[in-house]
Each structure stands twice: as C-alpha cells, then as structure tokens.
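So this one's upload-v1.cif, mmCIF, C-alpha atoms and all ligand atoms:
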data_structure
loop_
_atom_site.label_atom_id
_atom_site.label_comp_id
_atom_site.auth_asym_id
_atom_site.auth_seq_id
_atom_site.Cartn_x
_atom_site.Cartn_y
_atom_site.Cartn_z
CA MET I 1 7.53 17.14 81.19
CA ILE I 2 8.19 20.00 78.77
CA PRO I 3 6.00 23.08 79.42
CA LEU I 4 4.01 23.90 76.27
CA LEU I 5 1.69 26.60 75.00
CA ILE I 6 -0.22 25.98 71.76
CA ASP I 7 -1.24 28.82 69.46
CA CYS I 8 -3.87 27.24 67.23
CA ASP I 9 -6.90 27.55 64.92
CA PRO I 10 -8.92 24.37 65.66
CA GLY I 11 -9.39 22.72 63.18
CA HIS I 12 -9.44 18.93 63.06
CA ASP I 13 -5.69 18.39 63.15
CA ASP I 14 -5.28 21.18 65.72
CA SER I 15 -7.71 19.26 67.96
CA MET I 16 -5.65 16.10 67.56
CA ALA I 17 -2.50 18.06 68.40
CA ILE I 18 -4.10 19.49 71.57
CA LEU I 19 -5.28 16.07 72.75
CA TYR I 20 -1.90 14.53 71.95
CA ALA I 21 -0.05 17.34 73.74
CA ALA I 22 -2.13 17.07 76.90
CA ARG I 23 -0.77 13.53 77.40
CA HIS I 24 2.91 14.17 76.69
CA PHE I 25 3.63 17.78 77.71
CA GLU I 26 2.81 20.03 80.61
CA LEU I 27 0.17 21.89 78.58
CA ARG I 28 -0.08 25.38 80.08
CA GLY I 29 -2.76 26.85 77.83
CA LEU I 30 -4.14 27.50 74.37
CA THR I 31 -4.17 30.73 72.43
CA THR I 32 -6.31 31.04 69.33
CA VAL I 33 -6.00 32.79 66.00
CA PHE I 34 -8.12 33.02 62.83
CA GLY I 35 -7.33 30.37 60.23
CA ASN I 36 -9.49 27.31 59.74
CA SER I 37 -12.41 29.55 60.67
CA ILE I 38 -13.01 33.01 62.14
CA VAL I 39 -11.31 33.49 65.52
CA GLU I 40 -14.64 33.46 67.39
CA ASN I 41 -15.13 29.90 66.11
CA THR I 42 -11.57 28.71 66.67
CA THR I 43 -11.74 29.99 70.26
CA ARG I 44 -15.05 28.24 70.81
CA ASN I 45 -13.66 25.06 69.28
CA ALA I 46 -10.62 25.18 71.58
CA LEU I 47 -12.97 25.49 74.57
CA LYS I 48 -15.05 22.56 73.30
CA ILE I 49 -11.98 20.33 72.98
CA CYS I 50 -10.99 21.22 76.56
CA GLU I 51 -14.53 20.40 77.71
CA LEU I 52 -14.52 17.08 75.85
CA ALA I 53 -11.22 15.95 77.37
CA GLY I 54 -11.66 17.61 80.79
CA LEU I 55 -8.58 19.80 80.26
CA ASP I 56 -8.38 22.47 82.92
CA ILE I 57 -6.20 24.96 81.06
CA PRO I 58 -6.70 28.63 80.12
CA VAL I 59 -7.84 29.48 76.59
CA ALA I 60 -7.14 33.02 75.34
CA GLY I 61 -8.67 34.41 72.15
CA GLY I 62 -6.37 36.23 69.76
CA ILE I 63 -6.15 38.07 66.46
CA GLY I 64 -8.86 37.69 63.81
CA ALA I 65 -7.17 39.00 60.66
CA PRO I 66 -3.73 38.99 59.02
CA LEU I 67 -1.27 41.87 59.45
CA VAL I 68 -1.84 42.87 55.82
CA GLY I 69 -4.99 42.38 53.76
CA SER I 70 -8.05 40.41 54.76
CA PHE I 71 -9.08 36.84 55.42
CA THR I 72 -11.77 34.52 54.10
CA PRO I 73 -12.13 31.12 55.85
CA SER I 74 -11.18 28.26 53.52
CA MET I 75 -14.00 25.99 54.79
CA ILE I 76 -11.68 22.97 54.51
CA HIS I 77 -12.69 22.04 58.07
CA GLY I 78 -16.36 22.99 57.49
CA ALA I 79 -18.09 26.27 58.41
CA SER I 80 -17.51 25.86 62.16
CA GLY I 81 -13.84 24.97 61.63
CA LEU I 82 -14.60 21.63 63.25
CA ASP I 83 -17.51 20.06 61.36
CA GLY I 84 -18.19 16.35 61.79
CA ALA I 85 -17.60 16.27 65.52
CA ASP I 86 -20.41 16.24 68.05
CA LEU I 87 -18.72 18.31 70.74
CA PRO I 88 -20.07 19.29 74.17
CA GLU I 89 -20.98 22.91 74.80
CA PRO I 90 -18.14 24.46 76.81
CA LYS I 91 -18.96 25.33 80.42
CA ARG I 92 -15.98 27.64 80.71
CA ARG I 93 -15.26 30.81 78.77
CA ALA I 94 -12.06 32.17 77.35
CA VAL I 95 -9.93 33.97 79.95
CA ASP I 96 -10.00 37.72 80.13
CA MET I 97 -6.54 38.08 78.60
CA HIS I 98 -5.50 38.52 74.98
CA ALA I 99 -3.62 35.65 73.30
CA VAL I 100 -0.62 37.92 72.66
CA THR I 101 -0.40 38.76 76.36
CA MET I 102 -0.75 35.11 77.33
CA ILE I 103 2.11 34.09 75.02
CA ILE I 104 4.38 36.72 76.58
CA GLU I 105 3.29 35.99 80.17
CA GLN I 106 3.63 32.22 79.88
CA ALA I 107 7.08 32.55 78.32
CA ARG I 108 8.24 34.99 81.00
CA LYS I 109 7.00 32.74 83.82
CA ALA I 110 8.59 29.57 82.38
CA GLU I 111 12.08 31.16 82.46
CA GLY I 112 13.48 29.82 79.22
CA GLU I 113 11.72 26.43 79.33
CA LEU I 114 8.50 27.08 77.38
CA VAL I 115 8.00 25.51 73.96
CA LEU I 116 5.52 27.50 71.88
CA ALA I 117 3.74 25.40 69.25
CA ALA I 118 2.30 27.56 66.46
CA ILE I 119 -0.09 25.49 64.36
CA GLY I 120 -2.17 28.22 62.71
CA PRO I 121 -1.29 31.48 60.95
CA LEU I 122 1.60 33.20 62.75
CA THR I 123 -0.16 36.50 63.50
CA ASN I 124 -0.34 36.23 67.32
CA VAL I 125 3.26 35.04 67.50
CA ALA I 126 4.56 37.85 65.27
CA VAL I 127 2.73 40.49 67.28
CA ALA I 128 3.94 38.98 70.57
CA LEU I 129 7.57 39.04 69.33
CA ARG I 130 7.16 42.66 68.26
CA THR I 131 5.43 43.68 71.51
CA GLU I 132 8.02 42.06 73.81
CA PRO I 133 11.49 42.08 72.23
CA ARG I 134 12.79 39.73 74.96
CA LEU I 135 10.25 37.04 74.03
CA ALA I 136 12.55 35.29 71.53
CA ARG I 137 15.06 34.78 74.39
CA TRP I 138 12.43 33.84 76.94
CA LEU I 139 11.17 30.94 74.81
CA LYS I 140 12.98 27.62 74.59
CA CYS I 141 11.83 27.42 70.97
CA ILE I 142 8.90 27.85 68.61
CA THR I 143 7.75 24.76 66.74
CA ILE I 144 5.71 25.67 63.68
CA MET I 145 3.42 23.64 61.47
CA GLY I 146 3.65 25.58 58.26
CA GLY I 147 5.49 26.10 55.02
CA SER I 148 7.13 23.50 52.86
CA LEU I 149 10.55 22.60 51.50
CA ASP I 150 8.84 21.57 48.28
CA ILE I 151 5.30 22.12 46.99
CA GLY I 152 2.42 23.86 48.74
CA ASN I 153 -1.25 23.16 49.42
CA ALA I 154 -2.94 26.58 49.41
CA SER I 155 -1.10 27.67 46.25
CA PRO I 156 1.41 25.76 44.10
CA TYR I 157 4.27 26.67 46.47
CA ALA I 158 2.67 28.09 49.63
CA GLU I 159 1.23 26.26 52.62
CA ALA I 160 -2.06 27.49 54.17
CA ASN I 161 -0.82 28.73 57.58
CA ILE I 162 1.94 30.80 55.98
CA LEU I 163 -0.19 32.07 53.08
CA LYS I 164 -2.89 33.29 55.48
CA ASP I 165 -0.39 35.78 56.95
CA PRO I 166 2.93 35.88 55.07
CA GLU I 167 4.07 39.13 56.73
CA ALA I 168 3.61 37.57 60.17
CA ALA I 169 5.51 34.45 59.09
CA ALA I 170 8.35 36.59 57.69
CA ALA I 171 8.59 38.44 61.02
CA VAL I 172 8.73 35.19 63.01
CA PHE I 173 11.31 33.57 60.70
CA SER I 174 13.57 36.60 60.92
CA SER I 175 13.34 36.83 64.73
CA ASP I 176 16.04 35.52 67.08
CA ALA I 177 13.83 32.66 68.31
CA GLU I 178 14.98 29.08 67.87
CA ILE I 179 12.58 27.66 65.28
CA TYR I 180 11.60 24.10 64.40
CA LEU I 181 9.49 23.60 61.30
CA ALA I 182 7.04 20.88 60.37
CA GLY I 183 6.41 21.77 56.74
CA LEU I 184 4.34 19.88 54.19
CA ASN I 185 7.43 17.96 52.98
CA PHE I 186 7.53 16.53 56.53
CA THR I 187 3.82 16.18 57.43
CA ARG I 188 3.08 14.40 54.13
CA GLN I 189 5.29 11.55 55.31
CA ALA I 190 2.70 10.75 58.02
CA ILE I 191 -0.56 9.69 56.40
CA LEU I 192 -3.86 9.24 58.23
CA ASP I 193 -6.46 6.94 56.70
CA ARG I 194 -9.67 5.10 57.63
CA SER I 195 -7.76 2.45 59.60
CA HIS I 196 -6.86 5.20 62.11
CA ALA I 197 -10.50 6.21 62.54
CA GLU I 198 -11.27 2.53 63.07
CA MET I 199 -8.56 2.18 65.74
CA LEU I 200 -10.12 5.10 67.62
CA ARG I 201 -13.62 3.58 67.37
CA GLN I 202 -12.30 0.27 68.68
CA ALA I 203 -10.79 2.08 71.67
CA GLY I 204 -14.21 3.51 72.59
CA GLY I 205 -14.88 6.43 74.93
CA ALA I 206 -15.92 10.02 74.22
CA VAL I 207 -12.56 11.42 73.11
CA PRO I 208 -11.48 8.65 70.69
CA GLU I 209 -14.98 8.37 69.21
CA THR I 210 -15.23 12.12 68.69
CA VAL I 211 -11.83 12.25 66.99
CA ALA I 212 -12.90 9.30 64.80
CA GLY I 213 -15.90 11.43 63.70
CA MET I 214 -13.59 14.34 62.90
CA LEU I 215 -11.33 12.07 60.89
CA ASP I 216 -14.33 10.70 58.95
CA PHE I 217 -15.34 14.23 57.99
CA TYR I 218 -11.84 15.18 56.92
CA LEU I 219 -11.09 11.95 55.04
CA ASN I 220 -14.45 12.04 53.23
CA ARG I 221 -13.79 15.59 52.21
CA ASN I 222 -10.36 14.70 50.86
CA GLU I 223 -11.83 11.73 49.00
CA ALA I 224 -14.46 13.96 47.37
CA ARG I 225 -11.85 16.55 46.49
CA TYR I 226 -8.73 14.56 45.62
CA GLY I 227 -10.06 11.03 45.05
CA LYS I 228 -8.42 9.35 48.09
CA PRO I 229 -9.62 9.12 51.72
CA ILE I 230 -6.23 10.04 53.20
CA SER I 231 -4.74 13.09 54.88
CA PRO I 232 -1.30 14.17 56.00
CA MET I 233 -1.06 14.45 59.79
CA HIS I 234 -0.19 18.16 59.83
CA ASP I 235 -0.43 19.78 63.26
CA PRO I 236 0.57 16.87 65.57
CA SER I 237 3.76 16.55 63.48
CA ALA I 238 5.02 19.80 65.01
CA LEU I 239 4.95 18.10 68.45
CA VAL I 240 6.01 14.51 67.75
CA PRO I 241 9.73 15.46 67.44
CA PHE I 242 9.79 16.50 71.14
CA VAL I 243 8.28 13.24 72.32
CA ARG I 244 9.74 10.75 69.82
CA PRO I 245 12.97 12.28 68.45
CA ASP I 246 13.89 8.77 67.31
CA LEU I 247 11.21 8.99 64.59
CA VAL I 248 12.39 12.20 62.91
CA GLU I 249 15.32 13.95 61.31
CA HIS I 250 15.85 17.71 60.99
CA GLN I 251 18.23 19.87 58.98
CA ALA I 252 19.13 23.51 59.54
CA PHE I 253 18.46 25.92 56.67
CA HIS I 254 18.23 29.62 56.07
CA ILE I 255 14.54 30.14 55.25
CA GLN I 256 12.86 33.31 54.06
CA VAL I 257 9.20 33.94 53.29
CA GLU I 258 8.38 35.33 49.85
CA LEU I 259 6.17 38.42 50.12
CA ALA I 260 6.32 40.26 46.80
CA SER I 261 5.53 37.84 43.99
CA PRO I 262 1.78 37.32 43.38
CA LEU I 263 2.52 33.80 42.17
CA LEU I 264 4.86 32.72 45.00
CA ARG I 265 3.58 34.82 47.92
CA GLY I 266 3.83 32.81 51.14
CA MET I 267 6.45 30.38 49.80
CA THR I 268 9.03 29.37 52.42
CA VAL I 269 12.22 29.63 50.42
CA ALA I 270 14.85 27.35 51.98
CA ASP I 271 18.44 27.73 50.89
CA GLN I 272 19.10 24.01 50.76
CA ARG I 273 22.47 24.37 49.05
CA ASN I 274 23.80 27.35 50.97
CA VAL I 275 24.04 29.55 47.91
CA THR I 276 22.57 32.78 49.31
CA ARG I 277 25.21 35.52 49.42
CA ARG I 278 24.76 39.20 50.06
CA PRO I 279 27.27 41.33 48.16
CA ASP I 280 28.47 43.19 51.26
CA GLU I 281 28.63 40.12 53.55
CA PRO I 282 31.29 37.41 53.10
CA GLU I 283 29.39 34.76 55.12
CA PRO I 284 26.08 33.18 54.06
CA PRO I 285 23.15 34.14 56.32
CA ARG I 286 22.75 31.99 59.42
CA ALA I 287 20.52 28.92 59.29
CA ASN I 288 17.45 30.25 61.14
CA VAL I 289 15.23 27.15 61.04
CA LYS I 290 15.60 23.47 61.90
CA ALA I 291 13.25 21.91 59.38
CA GLY I 292 11.86 18.40 59.56
CA VAL I 293 13.13 16.43 56.57
CA ARG I 294 12.39 12.81 57.44
CA MET I 295 9.83 11.06 59.62
CA ASP I 296 8.91 7.43 60.15
CA GLY I 297 5.32 8.23 59.15
CA PRO I 298 3.60 4.93 59.98
CA ALA I 299 5.21 4.87 63.45
CA ALA I 300 4.39 8.55 64.06
CA THR I 301 0.71 8.22 63.08
CA ARG I 302 0.39 5.05 65.19
CA HIS I 303 1.98 6.82 68.16
CA VAL I 304 -0.40 9.83 67.89
CA ILE I 305 -3.50 7.67 67.37
CA GLU I 306 -2.53 5.39 70.27
CA THR I 307 -2.15 8.46 72.49
CA ILE I 308 -5.65 9.67 71.58
CA ALA I 309 -7.03 6.13 71.94
CA SER I 310 -5.61 6.09 75.48
CA TYR I 311 -8.28 8.64 76.53
CA GLY I 312 -10.75 5.79 76.09
CA ARG I 313 -9.07 3.99 78.99
CA GLY I 314 -9.54 7.05 81.23
C1 LIG O 1 -2.49 23.60 58.12
O1 LIG O 1 -3.63 24.33 57.67
C2 LIG O 1 -4.75 24.02 58.47
O2 LIG O 1 -5.85 23.74 57.65
C3 LIG O 1 -4.38 22.86 59.33
O3 LIG O 1 -4.98 22.97 60.61
C4 LIG O 1 -2.87 22.93 59.42
O4 LIG O 1 -2.46 23.73 60.50
C5 LIG O 1 -2.06 22.64 57.02
O5 LIG O 1 -1.67 23.34 55.86
CA CA O 2 -3.97 24.37 62.28
#
As structure tokens, the full file:
Amino acid sequence: MIPLLIDCDPGHDDSMAILYAARHFELRGLTTVFGNSIVENTTRNALKICELAGLDIPVAGGIGAPLVGSFTPSMIHGASGLDGADLPEPKRRAVDMHAVTMIIEQARKAEGELVLAAIGPLTNVAVALRTEPRLARWLKCITIMGGSLDIGNASPYAEANILKDPEAAAAVFSSDAEIYLAGLNFTRQAILDRSHAEMLRQAGGAVPETVAGMLDFYLNRNEARYGKPISPMHDPSALVPFVRPDLVEHQAFHIQVELASPLLRGMTVADQRNVTRRPDEPEPPRANVKAGVRMDGPAATRHVIETIASYGRG
C-alpha cells in the first residue's frame, strides 16, 4: 500500500477523505491547518474522526493563519468545522510535534515513497518546503485539492483552499515537488447527493451513520444556499486517482497562482495552450502540475461511499 500523510482542515469532505484513505493507503498520520475552522477546531476534529474509526495514527497540529494577512472561518462546515456529526470525544491528544516537522520527518523516513495529500490551505506544506529544501525530493508527490482550471467557489475565479493562503500556494506550485491537482473543474464531476447519505444509512454502523449525518448537514446547507441538495466530492477526489487510476484522466500544465490582482487573487492560472513565453527564455516554462481533467464521477462517488460503508461491516 502507498504510504500517505494527509494535511487537512476537517471539514466534512476532509473527514470522508481520511476515512477513505485509511482503507486504501498506509495512512501514516494527519497534520492539521486552519481552513474550514480555526486550527484548534480542525485538530480536534481530526482527533474525533480517528476516535470514531479507531485509527491509531499520530495527529499533529499546524499553522493557524496564512503567510500574509489574516483569516476568518467561512462557516461553510458550521462553527466547529464539522457541524451535523455527533462525534465521540477523543481519548488521545495531538502529538507533541508541529505539523511542519511531522511532514518533513515522515517524508524523510519514507525514503521517496510518501504521498502527501494537501486538502486544506497550503500553509503547512509551503513552510515545510521552505524549512527543508530537500523535502520536494524526499516526497513521491503532493496531491492537492485546490484551485480550478475554470471558475472558482470562494471568488469568481479562486477556489477556497488556494484563496485562504495564495502566497503559500504559489510557493508550493513553484517548488520542485511533483504535484497532482484535484481542482474544482475535476471535483465538480463527482457529485454527492441524498442517495449517498441513504446508502451509508443502509450500511449501518457508527462510521457510515456519522458520515451520513455530515452529508445531511452539508447537502441541506447547499440546498438552502444554492437551491439544490448536491455537493461536489472535493477532498476525496485528490486520493481517488491513486486507487482507481482507471476512473480519471490528468494533463500536465504550467500553473501559476495570481497574487496581485484584487479581483483574481488566488486564481490558479493554467497555461492550457502553452502560450507563456518569457522574453529571455526560448522554451516555455515546464509543466509543473498534473491536473485532473476528467473523472467518471458516478463511479468515483460510488467507490468512495462504498469504502466508507464498508466500515459498517467492521
Ligand atoms: C475545499 O474547501 C473546503 O471547504 C473543503 O474542505 C475543500 O478542501 C473546497 O473548495
Ligand atoms: Ca478541506
């Protein structure tokens, strides 16, 4: 199994990604970052998910604010970051190690094999890459849920994880790490709806029923806000390509993160026609990201929901 570390901000879809990952990867730990809520809450939520599923893995708390500017929680996932789920109080605490240190240590130990999934703002990852310049080489790759090859969700053209810390995202995208991207153009091809919550309820058991409750909260919120009880399956879509490559297609692009424009800040600008040229350089810049472009959405959502339903069978 592929060794995996998840840097996350749970979060409903983060929780689904963690539970999915624990069944398909050798999950070596979780590091947390601010995002769907303050980092104290996302760390606590990560511990609660581990408690719920009996996952014996280290959880390390990380950075609570972007590299530049400040942060206000969006409340999309409720005040706790994980409203709607009745989760057990965690018996274990976060380890006495910073998330940035854990990312570096886990990558070093795995000797080129570790996949780092980054499914929240990229602050911990950017700081880890800056702190240990060999980290990009030590990692097999970084798979990111963030950005978009078309429209955004937190602003017309920016996705939430990138917009919450554009400077961090720019640092990660310009690093030497091999990067896979699950942007909104990709995650919107996999749609969760009430039938998925129902499948989890039918499966029974603490984990599926709790995730069904999370889905209810999230789908109801989307219905109230956008008129339809559906949601793209964001965070698990960064992991599915490693388990079911048959369901996805990627293309390599040169992607840069816009930092200056107030209107487009946080936009992931992909050169989809290879037109970027610098006056002093004859060659176009290298494609730095393998971005998801196509996914068999119904098969991918079924596969993720079936994995979470399997917790009901022990
Ligand atoms: C991303 O933002 C968060 O709300 C989700 O957890 C996901 O990582 C989607 O834009
Ligand atoms: Ca997330």
- Residue among I:Glu283, I:Glu51, I:Asp7, I:Asp271 lying closest to ligand CA 2 (chain O), counting only C-alpha atoms and all ligand atoms: I:Asp7
- For Phe173 (chain I), which of I:Arg134, I:His196, I:Arg286, I:Arg302 is the closest residue, counting all atoms listed in the file? I:Arg286
- Residues within 8 Å of ligand CA 2 (chain O), counting only C-alpha atoms and all ligand atoms, as a VMD selection string: chain I and resid 8 to 14 35 to 36 119 to 121 145 161 234 to 235
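Counting all atoms listed in the file, the residue from I:Val211, I:Ala158, I:Met295, I:Leu52 that sits nearest to Leu247 (chain I) is I:Met295.
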- Taking (-7.8, 27.3, 75.0) in the file's coordinates as the center, which residues reach within 6 Å of it, counting all atoms listed in the file, put as a ChimeraX atom specification? /I:29-31,46-47,58-60
- Note on the structure: One residue among I:Arg44, I:His77, I:Lys91, I:Arg278 is nearest to ligand LIG 1 (chain O) when using only C-alpha atoms and all ligand atoms, and that residue is I:His77
- Which residue, I:Ile104, I:Ala300, I:Met214, I:Ala224, has the smallest gap to Asp83 (chain I) when you use only C-alpha atoms?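 Of the candidates, the smallest distance to Asp83 (chain I) is held by I:Met214.
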- Item | Distance in Å - CA of Pro229 (chain I) versus CA of Ile144 (chain I) |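 For CA of Pro229 (chain I) relative to CA of Ile144 (chain I), the distance reads 25.5 Å.
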- Message: I'd like the interatomic distance between CA of Gly147 (chain I) and atom C1 of ligand LIG 1 (chain O), to a tenth of an Å.
- Response: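 So the two atoms, CA of Gly147 (chain I) and atom C1 of ligand LIG 1 (chain O), lie 8.9 Å apart.
For the choices I:Thr210, I:Thr307, I:Met267, I:Asp176, the atom-to-atom distance to Ser148 (chain I) is smallest for I:Met267 when using only C-alpha atoms.
Counting from CA of Leu259 (chain I), the distance to CA of Ala170 (chain I) is 8.1 Å.
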Residues within 10 Å of Gly69 (chain I), only C-alpha atoms, excluding chain neighbours under 4 positions, as a CSV table (one decimal) with C-alpha atoms, keeping the file's coordinate frame:
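That gives us selection_8.csv:
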chain,number,residue,atom,x,y,z
I,65,ALA,CA,-7.2,39.0,60.7
I,164,LYS,CA,-2.9,33.3,55.5
I,165,ASP,CA,-0.4,35.8,57.0
Test item: axis-aligned box, all listed atoms of region 274-277 of chain I, 5 Å on each side, centre and edges in Å rounded to one decimal, as AutoDock Vina command-line options:
--center_x 23.9 --center_y 31.4 --center_z 49.4 --size_x 12.6 --size_y 18.2 --size_z 13.1
- If you count only C-alpha atoms, which residues fall within 12 Å of Phe253 (chain I), apart from same-chain ones fewer than 3 positions away, as a list in words? Leu149, Phe173, Ile179, Tyr180, Leu181, His250, Gln256, Thr268, Val269, Ala270, Asp271, Gln272, Arg273, Asn274, Val275, Thr276, Pro284, Pro285, Arg286, Ala287, Asn288, Val289, Lys290, Ala291, Gly292 and Val293 of chain I
Selected residues written out with C-alpha atoms, as an mmCIF file, keeping the file's coordinate frame:
data_model
loop_
_atom_site.group_PDB
_atom_site.id
_atom_site.type_symbol
_atom_site.label_atom_id
_atom_site.label_comp_id
_atom_site.auth_asym_id
_atom_site.auth_seq_id
_atom_site.Cartn_x
_atom_site.Cartn_y
_atom_site.Cartn_z
ATOM 1 C CA LEU I 149 10.550 22.600 51.500
ATOM 2 C CA PHE I 173 11.310 33.570 60.700
ATOM 3 C CA ILE I 179 12.580 27.660 65.280
ATOM 4 C CA TYR I 180 11.600 24.100 64.400
ATOM 5 C CA LEU I 181 9.490 23.600 61.300
ATOM 6 C CA HIS I 250 15.850 17.710 60.990
ATOM 7 C CA GLN I 256 12.860 33.310 54.060
ATOM 8 C CA THR I 268 9.030 29.370 52.420
ATOM 9 C CA VAL I 269 12.220 29.630 50.420
ATOM 10 C CA ALA I 270 14.850 27.350 51.980
ATOM 11 C CA ASP I 271 18.440 27.730 50.890
ATOM 12 C CA GLN I 272 19.100 24.010 50.760
ATOM 13 C CA ARG I 273 22.470 24.370 49.050
ATOM 14 C CA ASN I 274 23.800 27.350 50.970
ATOM 15 C CA VAL I 275 24.040 29.550 47.910
ATOM 16 C CA THR I 276 22.570 32.780 49.310
ATOM 17 C CA PRO I 284 26.080 33.180 54.060
ATOM 18 C CA PRO I 285 23.150 34.140 56.320
ATOM 19 C CA ARG I 286 22.750 31.990 59.420
ATOM 20 C CA ALA I 287 20.520 28.920 59.290
ATOM 21 C CA ASN I 288 17.450 30.250 61.140
ATOM 22 C CA VAL I 289 15.230 27.150 61.040
ATOM 23 C CA LYS I 290 15.600 23.470 61.900
ATOM 24 C CA ALA I 291 13.250 21.910 59.380
ATOM 25 C CA GLY I 292 11.860 18.400 59.560
ATOM 26 C CA VAL I 293 13.130 16.430 56.570
#
- Query: Within 6 Å of (-7.4, 7.1, 66.7), all atoms listed in the file: residues as a ChimeraX atom specification?
  - Reply: /I:196-197,199-200,208,305,308-309
- Would you kindly return, as a count of residues only, each protein, DNA or RNA residue with an atom no farther than 12 Å from any atom of region 94-103 of chain I, considering only C-alpha atoms and excluding same-chain residues fewer than 5 positions away? 56
